[in-house]
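The data block below is run28.txt; it holds compact mmCIF, C-alpha atoms and all ligand atoms.
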```txt
# COMPACT_ATOMS: atom_id res chain seq x y z
CA MET A 4 0.00 0.00 0.00
CA ALA A 5 2.82 2.39 0.88
CA GLU A 6 4.28 1.98 -2.61
CA VAL A 7 0.88 2.67 -4.18
CA ILE A 8 0.47 5.83 -2.11
CA ASN A 9 3.87 7.11 -3.10
CA ASP A 10 3.34 6.03 -6.67
CA ILE A 11 0.23 8.18 -7.10
CA LYS A 12 2.25 11.36 -6.51
CA ARG A 13 2.52 11.97 -10.23
CA SER A 14 1.54 15.07 -12.17
CA GLU A 15 -1.42 13.41 -13.90
CA ASN A 16 -2.94 12.68 -10.48
CA LEU A 17 -2.46 16.20 -9.14
CA VAL A 18 -5.76 17.57 -7.82
CA TYR A 19 -4.64 20.49 -5.68
CA ALA A 20 -1.55 22.65 -5.59
CA LYS A 21 -0.78 26.21 -4.56
CA THR A 22 -1.74 28.68 -7.28
CA LYS A 23 1.10 30.51 -9.04
CA VAL A 24 -0.65 33.82 -8.30
CA LEU A 25 0.52 33.33 -4.70
CA THR A 26 4.22 34.03 -4.35
CA ASP A 27 6.55 31.59 -2.58
CA ASN A 28 7.11 34.03 0.29
CA VAL A 29 6.32 32.71 3.75
CA MET A 30 3.40 34.69 5.14
CA HIS A 31 4.09 36.64 8.32
CA TYR A 32 0.69 35.76 9.81
CA CYS A 33 0.33 33.80 13.02
CA PRO A 34 -0.25 30.05 12.64
CA GLY A 35 -3.86 29.34 11.67
CA CYS A 36 -4.76 32.93 10.77
CA SER A 37 -7.73 33.31 8.41
CA HIS A 38 -5.84 35.89 6.33
CA GLY A 39 -3.75 33.17 4.71
CA VAL A 40 -6.83 31.24 3.61
CA VAL A 41 -8.52 34.35 2.19
CA HIS A 42 -5.32 35.36 0.35
CA LYS A 43 -5.18 31.92 -1.21
CA VAL A 44 -8.82 31.92 -2.29
CA LEU A 45 -8.49 35.41 -3.75
CA ALA A 46 -5.35 34.37 -5.65
CA GLU A 47 -7.14 31.28 -6.97
CA VAL A 48 -10.04 33.36 -8.28
CA ILE A 49 -7.61 35.74 -10.02
CA ASP A 50 -5.81 32.73 -11.48
CA GLU A 51 -8.96 30.95 -12.65
CA MET A 52 -10.43 34.11 -14.21
CA GLY A 53 -7.11 34.71 -16.01
CA ILE A 54 -6.94 38.32 -14.78
CA GLN A 55 -3.56 38.41 -13.03
CA GLU A 56 -2.18 40.99 -15.46
CA VAL A 57 -5.22 43.27 -15.23
CA THR A 58 -6.02 43.22 -11.51
CA LEU A 59 -5.07 46.01 -9.14
CA GLY A 60 -5.30 45.54 -5.38
CA VAL A 61 -5.32 48.12 -2.63
CA ALA A 62 -3.52 46.98 0.51
CA PRO A 63 -4.77 48.16 3.90
CA VAL A 64 -3.18 49.18 7.15
CA GLY A 65 -3.53 46.31 9.59
CA CYS A 66 -2.20 42.76 9.65
CA ALA A 67 -2.63 42.46 5.87
CA VAL A 68 -0.43 45.50 5.19
CA LEU A 69 2.13 43.25 3.49
CA ILE A 70 -0.39 41.47 1.25
CA TYR A 71 1.54 42.75 -1.79
CA ASN A 72 4.33 40.35 -0.85
CA TYR A 73 2.00 37.38 -1.20
CA ILE A 74 -0.35 37.93 -4.13
CA ASP A 75 1.51 38.51 -7.36
CA ILE A 76 -0.44 41.37 -8.95
CA ASP A 77 -0.01 45.16 -9.01
CA TRP A 78 -0.80 46.91 -5.73
CA GLN A 79 -1.23 50.30 -4.17
CA GLU A 80 -0.88 50.85 -0.44
CA ALA A 81 -3.56 53.08 1.06
CA ALA A 82 -3.34 55.27 4.15
CA HIS A 83 -5.30 53.75 7.03
CA GLY A 84 -8.96 53.35 6.05
CA ARG A 85 -8.63 55.14 2.70
CA ALA A 86 -8.57 52.06 0.48
CA PRO A 87 -12.04 52.61 -1.06
CA ALA A 88 -11.12 56.21 -1.95
CA LEU A 89 -7.89 55.10 -3.60
CA ALA A 90 -9.71 52.25 -5.36
CA THR A 91 -12.28 54.77 -6.62
CA ALA A 92 -9.53 56.78 -8.31
CA MET A 93 -7.83 53.69 -9.70
CA LYS A 94 -11.00 52.25 -11.22
CA ARG A 95 -12.07 55.60 -12.66
CA LEU A 96 -8.65 56.12 -14.25
CA ARG A 97 -8.34 52.53 -15.43
CA PRO A 98 -11.85 51.17 -16.01
CA ASP A 99 -10.25 48.32 -17.97
CA ARG A 100 -8.71 46.94 -14.77
CA TYR A 101 -10.24 44.85 -11.99
CA VAL A 102 -9.85 46.84 -8.77
CA PHE A 103 -10.37 45.56 -5.25
CA THR A 104 -9.55 46.56 -1.68
CA TYR A 105 -8.60 44.18 1.09
CA GLN A 106 -9.43 45.60 4.51
CA GLY A 107 -9.83 44.59 8.13
CA ASP A 108 -12.55 45.73 10.49
CA GLY A 109 -10.47 48.48 12.13
CA ASP A 110 -9.52 49.83 8.71
CA LEU A 111 -12.93 49.52 7.05
CA ALA A 112 -15.34 50.06 9.94
CA ALA A 113 -13.51 52.57 12.16
CA ILE A 114 -11.04 54.99 10.60
CA GLY A 115 -12.30 54.28 7.07
CA THR A 116 -16.06 54.33 7.72
CA ALA A 117 -16.63 57.47 5.67
CA GLU A 118 -14.61 56.25 2.69
CA THR A 119 -16.33 52.87 2.82
CA ILE A 120 -19.86 54.21 3.03
CA HIS A 121 -19.41 56.88 0.38
CA ALA A 122 -17.67 54.59 -2.11
CA CYS A 123 -20.53 52.09 -1.68
CA ASN A 124 -23.14 54.83 -1.87
CA ARG A 125 -21.63 56.15 -5.09
CA GLY A 126 -21.69 52.61 -6.40
CA GLU A 127 -18.04 52.64 -7.37
CA ASN A 128 -17.38 49.65 -9.56
CA ILE A 129 -14.95 47.96 -7.16
CA VAL A 130 -14.76 44.88 -4.95
CA ILE A 131 -14.25 45.26 -1.21
CA ILE A 132 -12.90 42.23 0.66
CA PHE A 133 -13.61 42.78 4.33
CA ILE A 134 -11.96 40.68 7.05
CA ASN A 135 -13.95 40.86 10.28
CA ASN A 136 -12.28 39.27 13.29
CA GLY A 137 -13.76 41.63 15.86
CA ILE A 138 -10.42 42.97 17.05
CA TYR A 139 -7.41 45.09 16.14
CA GLY A 140 -4.97 42.26 15.48
CA MET A 141 -1.80 44.05 14.43
CA THR A 142 -1.64 46.56 17.26
CA GLY A 143 -2.16 44.00 20.02
CA GLY A 144 -5.81 43.04 20.27
CA GLN A 145 -7.68 46.24 21.12
CA MET A 146 -11.45 46.67 20.87
CA ALA A 147 -12.69 47.26 17.32
CA PRO A 148 -16.08 48.58 16.14
CA THR A 149 -17.02 44.96 15.44
CA THR A 150 -16.00 43.57 18.86
CA LEU A 151 -18.92 41.59 20.26
CA GLU A 152 -20.80 42.61 23.39
CA GLY A 153 -19.06 41.01 26.35
CA MET A 154 -15.97 40.10 24.30
CA LYS A 155 -12.71 40.74 26.14
CA THR A 156 -9.93 42.69 24.44
CA ALA A 157 -6.86 44.61 25.61
CA THR A 158 -8.91 47.82 25.90
CA CYS A 159 -12.07 46.26 27.32
CA PRO A 160 -10.53 43.64 29.61
CA TYR A 161 -13.84 42.98 31.40
CA GLY A 162 -15.72 42.56 28.13
CA ARG A 163 -17.33 45.13 25.84
CA GLU A 164 -20.05 46.97 27.73
CA PRO A 165 -22.39 48.79 25.28
CA SER A 166 -23.43 51.47 27.77
CA HIS A 167 -19.77 52.49 27.99
CA ASP A 168 -18.15 51.16 24.80
CA GLY A 169 -20.98 51.43 22.30
CA ASN A 170 -22.53 48.63 20.29
CA PRO A 171 -20.84 46.33 17.81
CA LEU A 172 -21.31 47.67 14.30
CA LYS A 173 -22.90 45.52 11.60
CA ILE A 174 -21.42 47.62 8.85
CA THR A 175 -22.04 45.05 6.13
CA GLU A 176 -25.81 45.14 6.79
CA LEU A 177 -25.56 48.91 6.59
CA LEU A 178 -23.71 48.79 3.25
CA ALA A 179 -26.33 46.42 1.85
CA GLN A 180 -28.93 49.19 2.34
CA LEU A 181 -27.10 51.57 0.01
CA PRO A 182 -28.31 51.81 -3.58
CA GLY A 183 -24.75 51.65 -4.94
CA THR A 184 -23.99 48.13 -3.77
CA ALA A 185 -24.70 45.27 -6.17
CA TYR A 186 -23.58 42.24 -4.22
CA VAL A 187 -23.14 42.05 -0.47
CA THR A 188 -22.39 38.80 1.30
CA ARG A 189 -20.92 37.42 4.50
CA GLN A 190 -18.81 34.27 4.42
CA SER A 191 -16.14 32.46 6.44
CA VAL A 192 -13.18 30.13 5.85
CA HIS A 193 -13.24 27.85 8.89
CA THR A 194 -14.11 24.62 7.03
CA ALA A 195 -13.38 23.26 3.56
CA ALA A 196 -17.06 23.80 2.62
CA ALA A 197 -16.90 27.41 3.83
CA VAL A 198 -13.69 27.98 1.83
CA ARG A 199 -15.44 26.74 -1.33
CA LYS A 200 -18.36 29.11 -0.70
CA THR A 201 -16.08 32.07 -0.08
CA LYS A 202 -14.32 31.35 -3.33
CA LYS A 203 -17.63 31.38 -5.19
CA ALA A 204 -18.57 34.66 -3.50
CA ILE A 205 -15.29 36.37 -4.43
CA ARG A 206 -15.62 35.11 -7.99
CA LYS A 207 -19.16 36.47 -8.18
CA ALA A 208 -17.98 39.85 -6.87
CA PHE A 209 -15.36 40.08 -9.64
CA GLU A 210 -17.95 39.01 -12.22
CA LYS A 211 -20.21 41.85 -11.03
CA GLN A 212 -17.37 44.28 -11.59
CA LYS A 213 -16.93 42.92 -15.10
CA GLU A 214 -20.63 43.65 -15.72
CA ASN A 215 -20.27 47.20 -14.27
CA LYS A 216 -22.85 46.50 -11.59
CA GLY A 217 -21.44 48.68 -8.82
CA THR A 218 -19.79 47.91 -5.52
CA SER A 219 -19.49 44.36 -4.20
CA VAL A 220 -18.71 43.72 -0.55
CA VAL A 221 -17.52 40.29 0.58
CA GLU A 222 -17.18 40.13 4.35
CA ILE A 223 -15.30 37.15 5.72
CA VAL A 224 -15.87 36.49 9.42
CA SER A 225 -12.39 35.51 10.50
CA THR A 226 -10.35 34.44 13.48
CA CYS A 227 -7.52 36.21 15.26
CA ASN A 228 -6.39 33.34 17.43
CA SER A 229 -3.46 35.31 18.91
CA GLY A 230 -5.68 38.27 19.77
CA TRP A 231 -8.44 36.02 21.05
CA LYS A 232 -5.85 34.01 23.02
CA LEU A 233 -7.06 30.67 21.68
CA THR A 234 -5.51 27.92 19.58
CA PRO A 235 -6.42 28.07 15.86
CA VAL A 236 -8.83 25.14 16.26
CA GLU A 237 -10.44 26.65 19.39
CA ALA A 238 -10.68 30.03 17.65
CA ASN A 239 -12.71 28.52 14.80
CA LYS A 240 -15.04 26.95 17.34
CA TRP A 241 -15.36 30.20 19.30
CA MET A 242 -16.16 32.00 16.05
CA GLU A 243 -18.92 29.53 15.20
CA GLU A 244 -20.45 29.81 18.67
CA ASN A 245 -20.08 33.55 19.22
CA MET A 246 -19.47 35.44 15.97
CA PHE A 247 -21.93 33.64 13.67
CA PRO A 248 -25.05 34.29 15.80
CA PHE A 249 -24.36 38.04 15.65
CA TYR A 250 -22.78 38.06 12.16
CA PRO A 251 -24.88 35.45 10.33
CA LEU A 252 -23.43 34.04 7.10
CA GLY A 253 -25.09 34.37 3.73
CA ASP A 254 -25.96 36.80 0.95
CA MET A 255 -27.56 40.11 1.93
CA LYS A 256 -27.94 41.50 -1.56
CA ASP A 257 -27.49 40.18 -5.08
CA GLU A 258 -28.65 42.44 -7.89
CA MET B 131 -14.59 -2.25 -7.37
CA ALA B 132 -12.99 1.10 -7.98
CA LYS B 133 -11.82 3.24 -5.10
CA MET B 134 -10.23 6.67 -4.80
CA ILE B 135 -6.91 6.75 -3.07
CA GLY B 136 -5.16 9.96 -2.29
CA SER B 137 -1.88 11.23 -1.04
CA ILE B 138 -0.65 14.58 0.21
CA GLU B 139 2.70 16.29 0.19
CA VAL B 140 3.27 18.80 2.99
CA ASP B 141 5.76 21.63 2.59
CA THR B 142 7.14 20.94 6.06
CA GLU B 143 9.38 24.03 6.13
CA LYS B 144 6.42 26.33 5.46
CA CYS B 145 4.03 24.54 7.83
CA LYS B 146 3.25 26.41 11.05
CA GLY B 147 1.71 23.46 12.86
CA CYS B 148 -1.67 25.15 13.25
CA SER B 149 -3.59 21.84 13.18
CA LEU B 150 -6.37 23.18 10.95
CA CYS B 151 -5.67 20.45 8.37
CA VAL B 152 -5.69 17.82 11.12
CA VAL B 153 -9.27 18.62 12.12
CA ALA B 154 -10.41 19.23 8.53
CA CYS B 155 -9.50 15.73 7.35
CA PRO B 156 -12.63 13.55 7.37
CA THR B 157 -10.61 10.34 7.57
CA ASP B 158 -8.04 11.29 10.25
CA VAL B 159 -5.04 11.00 7.97
CA ILE B 160 -2.99 13.87 9.34
CA ALA B 161 -1.19 14.43 12.63
CA LEU B 162 1.49 16.83 13.81
CA SER B 163 4.96 15.35 13.94
CA ASP B 164 7.03 15.10 17.13
CA LYS B 165 9.82 16.63 15.08
CA VAL B 166 10.05 20.36 14.41
CA ASN B 167 10.99 22.32 11.31
CA GLY B 168 13.51 25.15 11.00
CA LYS B 169 11.13 27.57 12.69
CA GLY B 170 10.40 25.23 15.57
CA TYR B 171 6.93 24.22 14.49
CA ASN B 172 5.66 20.65 14.77
CA TYR B 173 4.75 20.10 11.17
CA ALA B 174 1.86 18.13 9.67
CA TYR B 175 2.43 14.70 8.12
CA MET B 176 0.38 11.70 6.99
CA SER B 177 0.22 9.52 10.08
CA ASN B 178 -2.45 7.29 8.55
CA PRO B 179 -1.73 7.43 4.80
CA GLU B 180 -3.92 4.47 3.82
CA ALA B 181 -7.05 6.42 4.77
CA CYS B 182 -6.50 9.36 2.41
CA THR B 183 -9.13 9.76 -0.33
CA GLY B 184 -7.59 12.84 -1.92
CA CYS B 185 -10.62 14.97 -1.04
CA THR B 186 -8.48 18.18 -0.79
CA ASN B 187 -10.16 19.43 2.39
CA CYS B 188 -6.84 19.74 4.21
CA ALA B 189 -5.31 21.76 1.39
CA LEU B 190 -8.32 24.10 1.21
CA VAL B 191 -8.17 25.10 4.86
CA CYS B 192 -4.38 25.42 5.14
CA PRO B 193 -3.60 29.14 5.64
CA ASP B 194 -0.06 28.73 4.40
CA SER B 195 -0.85 26.75 1.25
CA CYS B 196 1.53 23.97 2.32
CA ILE B 197 -0.42 21.00 1.01
CA THR B 198 -0.40 19.44 -2.46
CA VAL B 199 -2.94 16.69 -3.11
CA TYR B 200 -2.86 13.74 -5.52
CA ARG B 201 -5.69 11.33 -6.25
CA GLN B 202 -6.06 8.22 -8.34
CA LYS B 203 -8.76 5.69 -9.02
CA VAL B 204 -7.60 2.16 -8.29
CA GLU B 205 -9.25 -1.21 -8.67
CA VAL B 206 -9.51 -3.12 -5.41
CA VAL B 207 -10.48 -6.75 -5.02
S1 LIG A 301 -6.85 14.91 0.94
FE1 LIG A 301 -8.69 14.62 2.25
S2 LIG A 301 -8.46 12.52 3.02
FE2 LIG A 301 -6.43 13.13 2.24
S3 LIG A 301 -5.32 13.98 4.01
FE3 LIG A 301 -6.34 15.71 2.98
S4 LIG A 301 -8.31 15.94 4.02
FE4 LIG A 301 -7.52 13.91 4.55
S1 LIG A 302 -3.04 23.61 7.96
FE1 LIG A 302 -1.12 23.98 6.86
S2 LIG A 302 0.15 25.18 8.28
FE2 LIG A 302 -1.53 24.29 9.49
S3 LIG A 302 -0.66 22.35 10.28
FE3 LIG A 302 -1.71 21.86 8.37
S4 LIG A 302 -0.11 21.97 6.77
FE4 LIG A 302 0.66 23.01 8.60
```
Kindly return the structure encoded in the file as structure tokens.
Amino acid sequence: MAEVINDIKRSENLVYAKTKVLTDNVMHYCPGCSHGVVHKVLAEVIDEMGIQEVTLGVAPVGCAVLIYNYIDIDWQEAAHGRAPALATAMKRLRPDRYVFTYQGDGDLAAIGTAETIHACNRGENIVIIFINNGIYGMTGGQMAPTTLEGMKTATCPYGREPSHDGNPLKITELLAQLPGTAYVTRQSVHTAAAVRKTKKAIRKAFEKQKENKGTSVVEIVSTCNSGWKLTPVEANKWMEENMFPFYPLGDMKDE
Amino acid sequence: MAKMIGSIEVDTEKCKGCSLCVVACPTDVIALSDKVNGKGYNYAYMSNPEACTGCTNCALVCPDSCITVYRQKVEVV
């Protein structure tokens, strides 16, 4: 049996390998971080659509600030929260390119709220990939707009208390209300089935851009196991039990 | 009868030992090694290779794209 198993490792039997749109650089993310999975899925969509040469990404400030080292396309780096404004300019100047932003919850839903809402309200023909892990990962696990009620972070060590800290913001639901958005969905990457669905969602968002439909927002509820102080496997479980009830998965808008 | 058999190749130097592939495998093929790689991580390996069906679940969930999957149909008697 051992010989058979080794023998099948031949190119004609290959069913899954890393896409060439991902570089060979080792990602700086913590073990088990959702960012790596989302990067991979995004790179696979770009690969499968054959748009590597005509896709422009906007990198955020946050853990994914170095995304340009990992996905082999042309990038711009935005100031914190300004990715949708930069993407607006890029798409208007180069309507022949696919333009997307990749942003975390601190970037998109705190400092960049205005840029996000107005780009979506104008219906800019861009894709927004939104990673929501309910925390500021890069700066050490502080409370974010999306931090759940009762969730402990470095700046709300006894748990988020809405009377003092405000309520968690469902910004994706808000964006779905705006006339400029064409496709708004919330996905995750904690299981193989979820990864497949996220890939379909990202593909659909890029197809909408091709059809000039307006803004697409793909939120991915993600883990920050270091910030949450859990193992990667525990973090996925915690996300299912705590994040999904408040941030339910599924399409919010598809026009 | 025909049966799918699979096999995976782990890039052990890139693996960060996160265990996400271990729990994603429906047939319990993968475990973390007692040995560590250059970065000190216990890397993933096929501890139960006979059980692999080549379903690709492990490769899909791996954040560091460390896993390559092969699959072949074989006749079993
Ligand atoms: S390909 Fe499927 S069966 Fe084989 S190790 Fe990976 S998850 Fe397990
Ligand atoms: S999912 Fe990837 S990085 Fe994590 S243990 Fe498995 S092979 Fe290693």
Might I get the box with edges along x, y and z of the file that holds all atoms of ligand LIG 302 (chain A) listed there, padded by 3 Å on every side, given as centre and edge lengths in Å to one decimal, as lines of an AutoDock Vina configuration file?
```
center_x = -1.2
center_y = 23.5
center_z = 8.5
size_x = 9.7
size_y = 9.3
size_z = 9.5
```
All residues 9 Å or closer to A:Lys202, all atoms listed in the file, same chain fewer than 6 positions away omitted, as number ranges by chain:
A: 41, 44-45, 47-48
Excluding B:Glu143 and any residue of its chain fewer than 6 positions from it, enumerate the residues within 12 Å of it, using all atoms listed in the file, and give them as a list of chain:residue names.
A:Asp27, A:Asn28, A:Val29, B:Lys165, B:Val166, B:Asn167, B:Gly168, B:Lys169, B:Gly170, B:Tyr171, B:Asn172, B:Tyr173, B:Ala174, B:Tyr175, B:Asp194, B:Ser195, B:Cys196, B:Ile197
When distances are computed from all atoms listed in the file, which of B:Thr186, B:Thr142, B:Thr198, B:Ser177 shows the smallest separation from ligand LIG 301 (chain A)?
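Looking at the shortest contact to ligand LIG 301 (chain A), the residue is B:Thr186.
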May I have the residues of chain A within 9 Å of chain B, counting all atoms listed in the file, written as a ChimeraX atom specification?
/A:4-5,7-9,11-22,25,29-30,32-44,192-196,198-199,234-236
Correct to one decimal, the distance atom S1 of ligand LIG 302 (chain A)-atom CA of A:Glu243 is 18.4 Å
